[in-house]
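Trainee: Right, I'll just put the structure down here and ask away after.
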Amino acid sequence: MPDVGKAVTRHELYDAVYRKVGLSRTDSSAFVELVLEEIKDSIARGETVKLSSFGTFTVRKKGQRMGRNPKTGVDVPISPRRVVVFKASAIMKQRINGGRPLQKKPSKRKSLPIDKTGNAGA
């Protein structure tokens, strides 16, 4: 399992593309920057970015709310803003958990009782 807390830098991404794809170092860095720029621009426009087997970036609007200054204890309004949310795909979650299948959350829906004829009743 990889070390927890290690961050992958842009330079490491450039180098990975250089080694695995075979582009020059200059082309590798330009390619990575182009992909990252496209993702950033799409998110900034409020679009959802879905990367298969990786996850989904979405923009969520947060309304105004009251917060508290932890130093003084004074209530302060926090202005409305947009935040980026990332949700890992099921494949990514499984990979993070060492390939173990994910446990499904129990359904909140109540099942209908089945009568003697095999039909769901109300």
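By order in the structure tokens, chains are A, B, ...; within a chain, residues start at 1; ligands start at 1, following the order shown.
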So that I can check the surroundings of segment 27-39 of chain A, please list as a list in words every protein, DNA and RNA residue that reaches within 6 Å of it, counting only C-alpha atoms and ignoring chain neighbours fewer than 2 positions away.
Mentor: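 The filter keeps Tyr14, Val17, Tyr18, Leu23, Ser24, Arg25, Asp41 and Ser42 of chain A.
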Trainee: A:His11, A:Ile91, A:Val84, A:Gly22: which is nearest Lys40 of chain A, counting only C-alpha atoms?
Mentor: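 Among the listed residues, the smallest separation from Lys40 of chain A belongs to A:Val84.
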Trainee: Run DSSP on the backbone and tell me which residues of segment 48-100 of chain A come out as strand (DSSP E); list them as a list in words.
Mentor: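 In segment 48-100 of chain A, DSSP puts these residues in strand (DSSP E): Val49, Lys50, Leu51, Gly55, Thr56, Phe57, Thr58, Val59, Arg60, Lys61, Lys62, Arg65, Met66, Gly67, Arg68, Asp75, Val76, Pro77, Ile78, Arg81, Arg82, Val83, Val84, Val85, Phe86, Lys87 and Ala88 of chain A.
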Trainee: Could you tell me how far atom CA of Lys61 of chain A lies from atom CA of Glu47 of chain A, in Å and to one decimal?
Mentor: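 So the two atoms, atom CA of Lys61 of chain A and atom CA of Glu47 of chain A, lie 12.6 Å apart.
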